[in-house]
$ cat query.txt   # compact mmCIF, C-alpha atoms
# COMPACT_ATOMS: atom_id res chain seq x y z
CA MET A 904 62.77 32.97 66.95
CA SER A 905 61.62 30.02 68.98
CA SER A 906 64.04 27.50 67.50
CA GLY A 907 64.52 24.48 69.70
CA GLU A 908 61.42 25.30 71.73
CA ASN A 909 60.22 21.74 71.47
CA VAL A 910 63.33 20.26 72.97
CA LEU A 911 63.41 22.33 76.18
CA SER A 912 63.22 20.16 79.28
CA PRO A 913 60.52 21.14 81.80
CA GLU A 914 63.14 22.17 84.40
CA TYR A 915 65.04 24.29 81.90
CA LYS A 916 61.89 25.93 80.60
CA LYS A 917 60.75 26.78 84.13
CA ALA A 918 64.12 28.35 84.97
CA LEU A 919 64.04 30.28 81.69
CA GLU A 920 60.54 31.60 82.31
CA ASN A 921 61.43 32.67 85.80
CA LEU A 922 64.52 34.51 84.62
CA LEU A 923 62.54 36.21 81.85
CA PHE A 924 59.87 37.37 84.30
CA GLN A 925 62.60 38.85 86.50
CA LEU A 926 64.17 40.72 83.57
CA ALA A 927 60.84 41.83 82.09
CA ASP A 928 59.25 42.99 85.35
CA ASP A 929 62.43 44.86 86.37
CA ASP A 930 62.50 46.89 83.15
CA PHE A 931 58.74 47.36 83.10
CA LEU A 932 58.53 48.82 86.60
CA ILE A 933 61.63 50.98 86.45
CA SER A 934 60.55 52.46 83.12
CA PHE A 935 57.11 53.16 84.59
CA ARG A 936 58.79 55.04 87.45
CA GLY A 937 60.94 56.83 84.89
CA SER A 938 57.87 57.87 82.92
CA GLU A 939 56.37 59.47 86.04
CA TRP A 940 59.23 61.98 85.84
CA LEU A 941 58.02 63.26 82.48
CA GLY A 942 57.77 67.05 82.60
CA LEU A 943 59.37 67.15 86.05
CA ALA A 944 63.06 66.54 85.30
CA PRO A 945 65.53 69.28 86.34
CA HIS A 946 65.68 70.83 82.85
CA ILE A 947 64.22 70.32 79.41
CA GLU A 948 67.19 68.46 77.93
CA GLU A 949 67.02 66.03 80.82
CA ASP A 950 63.32 65.57 80.20
CA VAL A 951 64.13 64.57 76.62
CA ALA A 952 66.95 62.28 77.70
CA SER A 953 65.32 60.46 80.57
CA SER A 954 62.02 59.97 78.77
CA SER A 955 63.97 58.56 75.83
CA ILE A 956 65.71 56.15 78.21
CA SER A 957 62.35 55.14 79.72
CA GLN A 958 60.99 54.51 76.23
CA ASP A 959 63.96 52.29 75.33
CA THR A 960 63.62 50.43 78.63
CA MET A 961 59.90 49.86 78.09
CA GLY A 962 60.92 48.43 74.69
CA HIS A 963 63.30 46.03 76.43
CA ALA A 964 60.55 44.91 78.81
CA ALA A 965 58.30 44.32 75.78
CA MET A 966 60.99 42.12 74.23
CA PHE A 967 61.34 39.99 77.35
CA TYR A 968 57.55 39.63 77.62
CA THR A 969 57.49 38.64 73.93
CA LEU A 970 60.06 35.91 74.59
CA LEU A 971 57.68 34.65 77.29
CA GLU A 972 54.79 34.80 74.85
CA ASP A 973 56.85 32.71 72.41
CA LEU A 974 57.25 30.14 75.19
CA GLY A 975 53.48 29.96 75.60
CA ALA A 976 53.26 31.94 78.85
CA GLY A 977 50.46 34.17 77.55
CA LYS A 978 50.09 37.36 75.56
CA ALA A 979 52.90 39.88 76.13
CA ASP A 980 50.50 42.77 76.84
CA ASP A 981 48.53 40.67 79.33
CA LEU A 982 51.72 39.60 81.07
CA ALA A 983 52.73 43.23 81.44
CA HIS A 984 49.38 44.60 82.59
CA LEU A 985 47.23 41.94 84.15
CA ARG A 986 49.46 40.03 86.58
CA GLU A 987 48.89 40.71 90.28
CA ALA A 988 51.59 42.07 92.58
CA GLN A 989 52.35 38.70 94.18
CA ASP A 990 53.07 37.24 90.72
CA ARG A 991 55.62 39.91 89.86
CA ARG A 992 59.29 38.99 89.94
CA ASN A 993 60.92 42.43 89.80
CA SER A 994 63.35 43.60 92.44
CA VAL A 995 61.89 45.87 95.12
CA LEU A 996 64.26 48.63 93.94
CA ALA A 997 62.45 48.89 90.59
CA GLU A 998 59.00 49.41 92.14
CA ARG A 999 59.87 52.15 94.66
CA VAL A 1000 58.14 55.51 94.29
CA ASN A 1001 60.22 58.44 93.02
CA GLY A 1002 59.71 60.37 96.23
CA GLU A 1003 56.88 62.05 98.06
CA GLY A 1004 53.67 63.05 96.34
CA TYR A 1005 51.96 62.06 93.13
CA TYR A 1006 52.64 63.50 89.69
CA MET A 1007 49.00 64.51 89.19
CA GLU A 1008 49.12 66.62 92.36
CA THR A 1009 52.24 68.08 93.97
CA PRO A 1010 55.12 65.69 93.39
CA LYS A 1011 58.25 66.25 95.45
CA TYR A 1012 60.37 63.71 93.64
CA ASP A 1013 64.01 63.30 94.51
CA TRP A 1014 66.40 63.69 91.57
CA ALA A 1015 69.36 62.40 93.60
CA TYR A 1016 67.42 59.19 94.20
CA ALA A 1017 66.57 58.95 90.49
CA VAL A 1018 70.23 59.31 89.50
CA VAL A 1019 71.54 56.77 92.01
CA ARG A 1020 68.76 54.24 91.44
CA ASN A 1021 69.07 54.44 87.67
CA PHE A 1022 72.86 54.35 87.62
CA PHE A 1023 73.16 51.36 89.98
CA TYR A 1024 70.28 49.56 88.26
CA THR A 1025 71.60 50.21 84.74
CA GLN A 1026 75.04 48.92 85.68
CA ALA A 1027 73.42 45.80 87.14
CA LYS A 1028 71.42 45.34 83.95
CA LYS A 1029 74.58 45.83 81.91
CA VAL A 1030 76.45 42.99 83.66
CA LYS A 1031 73.40 40.76 83.20
CA MET A 1032 73.22 41.56 79.47
CA ASP A 1033 76.95 40.96 79.07
CA SER A 1034 76.45 37.52 80.57
CA LEU A 1035 73.26 36.82 78.60
CA ARG A 1036 75.02 37.48 75.32
CA GLN A 1037 76.58 34.05 75.92
CA SER A 1038 73.32 32.49 77.06
CA ASN A 1039 72.60 28.98 75.83
CA TYR A 1040 69.06 30.09 74.93
CA LYS A 1041 69.70 31.75 71.57
CA PRO A 1042 66.63 34.04 71.36
CA LEU A 1043 67.61 35.53 74.73
CA ALA A 1044 71.26 35.89 73.69
CA GLU A 1045 70.20 37.75 70.52
CA THR A 1046 67.90 40.04 72.49
CA ALA A 1047 70.73 40.81 74.92
CA VAL A 1048 73.01 41.90 72.06
CA LYS A 1049 70.34 44.33 70.92
CA VAL A 1050 69.52 45.65 74.41
CA ASN A 1051 73.19 46.09 75.14
CA MET A 1052 73.71 48.54 72.28
CA GLU A 1053 71.06 50.87 73.68
CA LEU A 1054 72.20 50.39 77.25
CA TYR A 1055 75.56 51.91 76.35
CA TYR A 1056 73.94 55.35 76.14
CA HIS A 1057 71.81 54.88 79.27
CA LEU A 1058 74.81 53.95 81.37
CA LEU A 1059 76.87 56.85 80.03
CA HIS A 1060 74.02 59.22 80.90
CA TRP A 1061 73.50 58.14 84.50
CA LYS A 1062 77.20 57.78 85.18
CA THR A 1063 77.73 61.40 84.05
CA TRP A 1064 75.03 62.68 86.44
CA PHE A 1065 76.37 60.53 89.27
CA ILE A 1066 79.94 61.81 88.99
CA GLN A 1067 78.93 65.43 88.44
CA LEU A 1068 76.54 65.62 91.38
CA LEU A 1069 78.96 63.94 93.77
CA ASN A 1070 81.65 66.44 92.75
CA SER A 1071 79.25 69.35 93.16
CA THR A 1072 77.95 71.40 96.13
CA GLU A 1073 77.75 70.22 99.72
CA GLU A 1074 73.98 69.92 99.44
CA ALA A 1075 74.28 67.80 96.31
CA LYS A 1076 76.81 65.52 98.01
CA ARG A 1077 74.65 65.14 101.10
CA ARG A 1078 71.56 64.29 99.09
CA MET A 1079 73.46 61.88 96.84
CA ASN A 1080 74.87 60.08 99.87
CA GLU A 1081 71.40 59.79 101.38
CA ALA A 1082 70.19 58.40 98.06
CA ILE A 1083 73.02 55.84 97.94
CA GLU A 1084 72.02 54.64 101.40
CA LEU A 1085 68.37 54.37 100.39
CA VAL A 1086 69.13 52.51 97.14
CA MET A 1087 71.50 50.11 98.88
CA LYS A 1088 68.77 49.14 101.36
CA ASP A 1089 66.80 47.75 98.40
CA PHE A 1090 69.71 46.32 96.45
CA GLY A 1091 69.70 42.87 98.06
CA ASP A 1092 67.37 41.23 95.56
CA VAL A 1093 68.70 42.93 92.40
CA PHE A 1094 71.18 40.09 91.82
CA SER A 1095 69.04 37.47 93.53
CA TYR A 1096 67.29 34.69 91.61
CA GLY A 1097 65.11 34.04 94.65
CA ASP A 1098 63.83 30.51 95.17
CA GLU A 1099 64.87 29.72 91.60
CA LYS A 1100 68.57 30.15 92.37
CA THR A 1101 69.53 26.49 92.05
CA ALA A 1102 67.46 25.95 88.92
CA ILE A 1103 68.82 29.08 87.22
CA ASP A 1104 72.41 28.29 88.26
CA GLN A 1105 72.13 24.85 86.69
CA SER A 1106 70.46 26.07 83.51
CA GLY A 1107 73.47 27.70 81.84
CA LEU A 1108 71.25 30.65 80.94
CA ILE A 1109 73.21 33.29 82.84
CA ALA A 1110 76.14 33.68 85.25
CA SER A 1111 75.68 33.06 88.98
CA GLU A 1112 74.53 35.74 91.43
CA ASP A 1113 78.05 36.01 92.87
CA GLN A 1114 79.73 36.36 89.50
CA LEU A 1115 77.35 39.16 88.53
CA LYS A 1116 77.95 40.94 91.85
CA GLU A 1117 81.72 40.79 91.32
CA GLU A 1118 81.33 42.20 87.81
CA TRP A 1119 79.14 45.02 89.13
CA LYS A 1120 81.66 45.92 91.80
CA SER A 1121 84.59 45.98 89.41
CA ASN A 1122 82.66 48.14 86.93
CA MET A 1123 81.75 50.55 89.73
CA ALA A 1124 85.35 50.95 90.91
CA LEU A 1125 86.23 53.69 88.41
CA PRO A 1126 83.19 55.97 88.83
CA PHE A 1127 83.53 55.72 92.61
CA GLU A 1128 87.22 56.56 92.31
CA CYS A 1129 86.21 59.69 90.35
CA VAL A 1130 84.19 60.87 93.36
CA ALA A 1131 86.78 59.72 95.93
CA MET A 1132 84.46 57.16 97.49
CA LYS A 1133 84.49 53.46 98.18
CA VAL A 1134 82.12 51.13 96.31
CA PRO A 1135 79.43 50.22 98.86
CA ASP A 1136 79.07 46.62 99.97
CA LEU A 1137 76.23 44.81 98.29
CA PRO A 1138 73.68 43.61 100.83
CA GLU A 1139 72.43 40.04 100.96
CA ALA A 1140 68.88 39.47 99.75
CA SER A 1141 66.52 40.57 102.50
CA ALA A 1142 63.45 38.76 103.74
CA LYS A 1143 61.35 40.80 101.35
CA ASN A 1144 62.62 39.36 98.09
CA GLY A 1145 60.85 40.64 94.97
CA ARG A 1146 62.05 37.59 93.03
CA ASN A 1147 59.72 35.48 95.19
CA GLY A 1148 56.76 37.81 94.78
CA ASP A 1149 57.31 39.70 98.06
CA HIS A 1150 56.64 43.34 97.34
CA THR A 1151 55.78 46.65 98.93
CA GLU A 1152 52.49 48.54 98.77
CA GLU A 1153 54.24 50.78 96.25
CA LEU A 1154 54.08 48.02 93.63
CA ALA A 1155 50.35 47.48 94.07
CA SER A 1156 49.61 51.16 93.55
CA ALA A 1157 51.95 51.33 90.53
CA LEU A 1158 50.11 48.39 88.92
CA THR A 1159 46.73 49.99 89.53
CA THR A 1160 47.85 53.17 87.80
CA LEU A 1161 49.73 51.67 84.88
CA SER A 1162 47.14 49.07 83.93
CA GLU A 1163 44.06 51.25 84.41
CA VAL A 1164 43.48 51.95 80.71
CA TYR A 1165 44.40 48.44 79.57
CA ARG A 1166 41.96 46.87 82.03
CA LEU A 1167 39.13 49.04 80.71
CA ASP A 1168 39.13 47.07 77.47
CA PRO A 1169 41.90 44.49 77.00
CA ALA A 1170 40.61 43.69 73.50
CA ALA A 1171 40.96 47.25 72.17
CA ALA A 1172 43.39 47.78 69.31
CA TRP A 1173 45.93 50.57 69.90
CA MET B 862 60.01 50.07 47.65
CA GLY B 863 58.56 53.37 48.71
CA VAL B 864 58.30 52.66 52.43
CA LYS B 865 59.88 55.53 54.37
CA ASP B 866 60.74 56.00 57.99
CA PRO B 867 57.49 57.63 59.21
CA GLU B 868 59.55 60.18 61.14
CA ILE B 869 62.15 60.86 58.41
CA ASP B 870 60.32 60.86 55.10
CA THR B 871 63.43 61.31 52.96
CA VAL B 872 64.87 57.88 53.71
CA SER B 873 63.49 54.48 52.73
CA ILE B 874 63.65 51.54 55.10
CA ILE B 875 65.95 49.83 52.57
CA ASP B 876 68.44 52.70 52.78
CA LEU B 877 68.16 52.62 56.56
CA GLY B 878 69.38 49.04 56.36
CA MET B 879 66.24 47.68 58.02
CA VAL B 880 65.35 45.13 55.34
CA GLU B 881 67.24 41.93 56.04
CA LYS B 882 65.52 39.49 53.69
CA VAL B 883 62.61 39.11 51.28
CA ASN B 884 61.43 35.56 50.71
CA VAL B 885 59.06 34.78 47.86
CA GLU B 886 57.23 31.47 47.68
CA GLY B 887 54.83 31.27 44.79
CA ASN B 888 52.73 34.42 45.18
CA ASN B 889 53.38 34.78 48.90
CA VAL B 890 55.90 37.24 50.23
CA ASN B 891 57.66 37.24 53.58
CA VAL B 892 59.72 40.30 54.55
CA VAL B 893 62.21 40.14 57.40
CA LEU B 894 62.96 43.51 59.02
CA LEU B 895 65.47 44.55 61.68
CA PRO B 896 64.25 47.06 64.29
CA THR B 897 66.51 50.07 64.84
CA PHE B 898 65.68 50.73 68.51
CA LEU B 899 63.55 48.28 70.48
CA GLY B 900 61.22 50.87 72.00
CA CYS B 901 60.69 52.74 68.73
CA PRO B 902 56.95 53.43 68.35
CA ALA B 903 57.37 53.70 64.55
CA LEU B 904 58.02 49.96 64.19
CA GLU B 905 54.36 48.96 63.99
CA ILE B 906 53.68 51.72 61.44
CA ILE B 907 56.64 50.58 59.34
CA LYS B 908 55.34 47.02 59.49
CA LYS B 909 51.87 48.07 58.34
CA ASN B 910 53.24 50.30 55.57
CA THR B 911 55.46 47.48 54.34
CA VAL B 912 52.56 45.04 54.19
CA ASN B 913 50.47 47.58 52.26
CA ALA B 914 53.31 48.45 49.86
CA VAL B 915 53.98 44.81 49.00
CA LYS B 916 50.27 44.08 48.59
CA ARG B 917 50.01 46.82 45.99
CA LEU B 918 52.51 44.97 43.77
CA PRO B 919 50.96 42.93 40.94
CA SER B 920 50.04 39.26 41.56
CA VAL B 921 51.11 39.19 45.21
CA GLY B 922 49.22 36.77 47.48
CA GLU B 923 49.75 36.58 51.24
CA VAL B 924 52.14 39.10 52.78
CA GLU B 925 53.90 38.61 56.08
CA VAL B 926 56.29 41.08 57.70
CA GLU B 927 58.29 40.13 60.78
CA PHE B 928 60.97 41.71 62.93
CA VAL B 929 64.03 39.72 64.01
CA PHE B 930 67.01 40.73 66.17
CA HIS B 931 69.68 38.69 64.54
CA PRO B 932 71.71 40.10 62.93
CA PRO B 933 71.28 43.21 65.09
CA TRP B 934 70.66 46.46 63.23
CA THR B 935 73.65 48.77 63.46
CA SER B 936 74.06 52.28 62.12
CA GLU B 937 76.69 51.00 59.65
CA ARG B 938 73.84 49.42 57.71
CA ILE B 939 72.62 52.81 56.46
CA THR B 940 73.53 53.17 52.78
CA GLU B 941 75.22 56.09 51.01
CA GLU B 942 71.80 57.00 49.60
CA GLY B 943 70.46 56.87 53.16
CA HIS B 944 73.17 59.27 54.32
CA LYS B 945 72.09 61.71 51.58
CA GLY B 946 68.45 61.41 52.59
CA LEU B 947 69.27 62.07 56.24
CA ARG B 948 71.27 65.17 55.34
CA ALA B 949 68.39 66.43 53.21
CA PHE B 950 66.22 66.20 56.32
CA GLY B 951 68.76 68.13 58.39
CA ILE B 952 70.04 65.06 60.21
CA ALA B 953 73.74 64.27 60.22
CA PRO B 954 74.36 60.63 59.26
CA PRO B 955 75.95 58.47 61.95
CA PRO B 956 79.73 58.65 62.16
CA GLN B 957 81.61 55.67 60.74
CA HIS B 958 83.81 55.18 63.77
CA PHE B 959 84.14 55.88 67.47
CA GLU B 960 87.06 57.62 69.15
CA GLU B 961 89.10 55.52 71.54
CA ASP B 962 87.16 56.83 74.54
CA GLY B 963 83.83 55.88 72.95
CA SER B 964 82.92 59.42 71.90
CA TRP B 965 82.09 60.34 68.31
CA HIS B 966 82.01 63.31 66.00
CA VAL B 967 79.79 64.42 63.13
CA ASP B 968 79.84 67.51 60.92
CA CYS B 969 76.99 69.99 60.45
CA PRO B 970 74.55 68.66 57.81
CA TYR B 971 73.84 72.24 56.64
CA CYS B 972 77.27 73.82 56.23
CA ASP B 973 79.67 70.86 56.74
CA SER B 974 81.47 72.69 59.54
CA THR B 975 83.25 70.53 62.10
CA TYR B 976 82.73 73.29 64.70
CA VAL B 977 79.75 71.70 66.45
CA THR B 978 78.76 70.91 70.04
CA MET B 979 76.70 68.08 71.49
CA GLU B 980 73.62 69.47 73.23
CA ASN B 981 71.95 66.18 74.14
CA ILE B 982 72.87 62.60 73.25
CA PHE B 983 69.15 61.86 73.43
CA GLY B 984 66.82 63.53 70.97
CA PRO B 985 63.22 63.68 69.76
CA THR B 986 63.32 59.99 68.82
CA ALA B 987 65.31 57.08 70.23
CA CYS B 988 67.72 57.02 67.28
CA ARG B 989 68.70 60.70 67.25
CA SER B 990 70.87 63.18 69.19
CA ILE B 991 70.67 66.97 69.31
CA LEU B 992 73.69 69.08 68.33
CA TYR B 993 74.43 72.74 67.58
CA CYS B 994 76.58 74.18 64.80
CA LYS B 995 78.67 77.10 66.05
CA SER B 996 79.52 78.03 62.49
CA CYS B 997 76.12 78.47 60.83
CA LYS B 998 74.32 78.74 64.20
CA ASN B 999 71.81 76.02 63.40
CA PRO B 1000 70.68 73.38 65.81
CA PHE B 1001 70.64 69.99 64.11
CA GLU B 1002 70.19 66.32 64.83
CA ALA B 1003 72.42 63.33 64.23
CA MET B 1004 71.68 59.62 63.94
CA LYS B 1005 73.21 57.97 66.99
CA PRO B 1006 75.85 55.45 66.09
CA VAL B 1007 75.05 51.99 67.44
CA SER B 1008 77.37 49.07 67.11
CA THR B 1009 77.85 45.61 68.57
CA ILE B 1010 81.27 46.66 69.94
CA MET B 1011 79.61 49.01 72.43
$ encode --input "query.txt" --output "structure tokens"
Amino acid sequence: MSSGENVLSPEYKKALENLLFQLADDDFLISFRGSEWLGLAPHIEEDVASSSISQDTMGHAAMFYTLLEDLGAGKADDLAHLREAQDRRNSVLAERVNGEGYYMETPKYDWAYAVVRNFFYTQAKKVKMDSLRQSNYKPLAETAVKVNMELYYHLLHWKTWFIQLLNSTEEAKRRMNEAIELVMKDFGDVFSYGDEKTAIDQSGLIASEDQLKEEWKSNMALPFECVAMKVPDLPEASAKNGRNGDHTEELASALTTLSEVYRLDPAAAW
Amino acid sequence: MGVKDPEIDTVSIIDLGMVEKVNVEGNNVNVVLLPTFLGCPALEIIKKNTVNAVKRLPSVGEVEVEFVFHPPWTSERITEEGHKGLRAFGIAPPPQHFEEDGSWHVDCPYCDSTYVTMENIFGPTACRSILYCKSCKNPFEAMKPVSTIM
């Protein structure tokens, strides 16, 4: 797995680790948010489907954390559970709450937001995986091939919801449009490499931010055509850039919840 | 080897196409496995069962089982015997090919009817979908096809 590990230059290794933290933290947080929907999805088949997608996505996060472990960054489980908010490199979009309320009390989660966030995010992940399949770091390229096969079904799922809801009732359209606006506000750092931009661009690990954005836009053209809408403009990375460790309060509370059991006894065998 | 998928006990991991390589050096055995789906919680159980099964063999020393991603596991790796085992469990084996639009079709594992509908691409485990046979009126599952062309 870690072939060639000894010959990585310090600059290359740093860029690689940063990219892996971005990929791992993105999938980890969005699958945590997905898991909060368990039992609350619009119908039982959707509960099965979206929890299955969250499980796959958590598996992808585990793979990226394992690649980091292979590079000597620490134990995969520790990397997932024990890092503080300011050390996280996920995009702000992935950490956002699902809506008002808490699933243990009276959650008023927004399904339109779930559909739009997941569809836009999954398409972004897809263009990254397509690029990573040609990555010059072989273990990452091989992981991307594997992730990509599962992503096919995730993308199909969210795209179907997206098109159906936007071709549905007036209320559905209104709520979907509100969700698109909300998601787009947080989309600026999804394709950002943050302060590591130059290092990652020079590494040959993955395509540039701009290339990925173009790919995303061209892949979105058809689904948006199906709902007679224009693909929204992608915002520039805002001041609050998750790739640099700038996050919302929503991340801190997510981390407290998701790592509660692990922190009780990190040495326990599961 | 008698190691089965813990969730489908009629199919061995060999027939699922999960065993990529077995290396033997002296008395020590190293087994290389391919995971089906990355988030599959059965992987650790399969690993443990494989270690135990190999250890039970006569004159075996150290046993190591590892998962690798290259080559990627695809549903084409399931053997003919594996297809039979899946059907015996009420699971349609994965289709051999995709339609041009990326969709796929399987027949009912109980009555072989082609008159079936897809209820949910996602099922009780990551690798399965839920379908319904309009002929014999049985719900059934199918192994999702996965391929590198997707």
$ residues_around --input "query.txt" --residues "stretch 904-906 of chain B" --least-positions-apart "5" --cutoff "9 Å" --atoms "only C-alpha atoms" --output "MDAnalysis selection string"
chainID B and resid 866:867 896:899 911 928
$ atom_distance --input "query.txt" --atom1 "atom CA of A:Gly1145" --atom2 "atom CA of A:Asn1021"
17.6 Å
$ residues_around --input "query.txt" --residues "A:Asn1001" --least-positions-apart "4" --cutoff "10 Å" --atoms "only C-alpha atoms" --output "PyMOL selection string"
chain A and resi 936-937+939-940+1005-1006+1010-1017+1020
$ closest_atom_pairs --input "query.txt" --of "chain B" --to "chain A" --cutoff "10 Å" --atoms "only C-alpha atoms" --output "JSON lines"
{"residue": "B:Pro896", "atom": "CA", "partner": "A:Lys1049", "partner_atom": "CA", "distance": 9.4}
{"residue": "B:Thr897", "atom": "CA", "partner": "A:Lys1049", "partner_atom": "CA", "distance": 9.2}
{"residue": "B:Phe898", "atom": "CA", "partner": "A:Asp959", "partner_atom": "CA", "distance": 7.2}
{"residue": "B:Leu899", "atom": "CA", "partner": "A:Gly962", "partner_atom": "CA", "distance": 5.0}
{"residue": "B:Gly900", "atom": "CA", "partner": "A:Gly962", "partner_atom": "CA", "distance": 3.6}
{"residue": "B:Cys901", "atom": "CA", "partner": "A:Gly962", "partner_atom": "CA", "distance": 7.4}
{"residue": "B:Pro902", "atom": "CA", "partner": "A:Gln958", "partner_atom": "CA", "distance": 8.9}
{"residue": "B:Phe928", "atom": "CA", "partner": "A:Met904", "partner_atom": "CA", "distance": 9.8}
{"residue": "B:Val929", "atom": "CA", "partner": "A:Met904", "partner_atom": "CA", "distance": 7.5}
{"residue": "B:Phe930", "atom": "CA", "partner": "A:Glu1045", "partner_atom": "CA", "distance": 6.2}
{"residue": "B:His931", "atom": "CA", "partner": "A:Glu1045", "partner_atom": "CA", "distance": 6.1}
{"residue": "B:Pro932", "atom": "CA", "partner": "A:Glu1045", "partner_atom": "CA", "distance": 8.1}
{"residue": "B:Pro933", "atom": "CA", "partner": "A:Lys1049", "partner_atom": "CA", "distance": 6.0}
{"residue": "B:Trp934", "atom": "CA", "partner": "A:Lys1049", "partner_atom": "CA", "distance": 8.0}
{"residue": "B:Thr935", "atom": "CA", "partner": "A:Met1052", "partner_atom": "CA", "distance": 8.8}
{"residue": "B:Gly963", "atom": "CA", "partner": "A:Tyr1055", "partner_atom": "CA", "distance": 9.8}
{"residue": "B:Glu980", "atom": "CA", "partner": "A:Glu948", "partner_atom": "CA", "distance": 8.0}
{"residue": "B:Asn981", "atom": "CA", "partner": "A:Glu948", "partner_atom": "CA", "distance": 6.5}
{"residue": "B:Ile982", "atom": "CA", "partner": "A:Ala952", "partner_atom": "CA", "distance": 7.4}
{"residue": "B:Phe983", "atom": "CA", "partner": "A:Ala952", "partner_atom": "CA", "distance": 4.8}
{"residue": "B:Gly984", "atom": "CA", "partner": "A:Val951", "partner_atom": "CA", "distance": 6.3}
{"residue": "B:Pro985", "atom": "CA", "partner": "A:Val951", "partner_atom": "CA", "distance": 7.0}
{"residue": "B:Thr986", "atom": "CA", "partner": "A:Ser955", "partner_atom": "CA", "distance": 7.2}
{"residue": "B:Ala987", "atom": "CA", "partner": "A:Ser955", "partner_atom": "CA", "distance": 5.9}
{"residue": "B:Cys988", "atom": "CA", "partner": "A:Ser955", "partner_atom": "CA", "distance": 9.5}
{"residue": "B:Ser990", "atom": "CA", "partner": "A:Ala952", "partner_atom": "CA", "distance": 9.4}
{"residue": "B:Ile991", "atom": "CA", "partner": "A:Glu948", "partner_atom": "CA", "distance": 9.4}
{"residue": "B:Lys1005", "atom": "CA", "partner": "A:Tyr1056", "partner_atom": "CA", "distance": 9.5}
{"residue": "B:Pro1006", "atom": "CA", "partner": "A:Met1052", "partner_atom": "CA", "distance": 9.5}
{"residue": "B:Val1007", "atom": "CA", "partner": "A:Met1052", "partner_atom": "CA", "distance": 6.1}
{"residue": "B:Ser1008", "atom": "CA", "partner": "A:Met1052", "partner_atom": "CA", "distance": 6.4}
{"residue": "B:Thr1009", "atom": "CA", "partner": "A:Met1052", "partner_atom": "CA", "distance": 6.3}
{"residue": "B:Ile1010", "atom": "CA", "partner": "A:Met1052", "partner_atom": "CA", "distance": 8.1}
{"residue": "B:Met1011", "atom": "CA", "partner": "A:Met1052", "partner_atom": "CA", "distance": 5.9}
$ closest_residue --input "query.txt" --among "A:Lys1143, A:Met1132, A:Ala983, A:Ser938" --to "A:Lys1076" --atoms "only C-alpha atoms"
A:Met1132
$ atom_distance --input "query.txt" --atom1 "atom CA of B:Cys997" --atom2 "atom CA of B:Gly951"
12.9 Å
$ atom_distance --input "query.txt" --atom1 "atom CA of A:Cys1129" --atom2 "atom CA of A:Phe1023"
15.5 Å
$ residues_near_point --input "query.txt" --point "(74.8, 49.7, 58.1)" --cutoff "9 Å" --atoms "only C-alpha atoms" --output "number ranges by chain"
B: 876-879, 934-940
$ write_last_selection --input "query.txt" --atoms "C-alpha atoms" --output "tab-separated table (two decimals), in the coordinates of the input"
chain	number	residue	atom	x	y	z
B	876	ASP	CA	68.44	52.70	52.78
B	877	LEU	CA	68.16	52.62	56.56
B	878	GLY	CA	69.38	49.04	56.36
B	879	MET	CA	66.24	47.68	58.02
B	934	TRP	CA	70.66	46.46	63.23
B	935	THR	CA	73.65	48.77	63.46
B	936	SER	CA	74.06	52.28	62.12
B	937	GLU	CA	76.69	51.00	59.65
B	938	ARG	CA	73.84	49.42	57.71
B	939	ILE	CA	72.62	52.81	56.46
B	940	THR	CA	73.53	53.17	52.78
$ residues_around --input "query.txt" --residues "A:Asp981" --least-positions-apart "4" --cutoff "12 Å" --atoms "only C-alpha atoms" --output "list in words"
Ala965, Tyr968, Thr969, Leu971, Glu972, Ala976, Gly977, Leu985, Arg986, Glu987, Ser1162, Tyr1165, Arg1166, Asp1168, Pro1169 and Ala1170 of chain A
$ closest_residue --input "query.txt" --among "A:Leu932, A:Val910, A:Ile1083, A:Ala1140" --to "A:Tyr1096" --atoms "only C-alpha atoms"
A:Ala1140
$ closest_residue --input "query.txt" --among "B:Val915, B:Met1004, B:Val883, B:Met979" --to "B:Pro954" --atoms "all atoms listed in the file"
B:Met1004
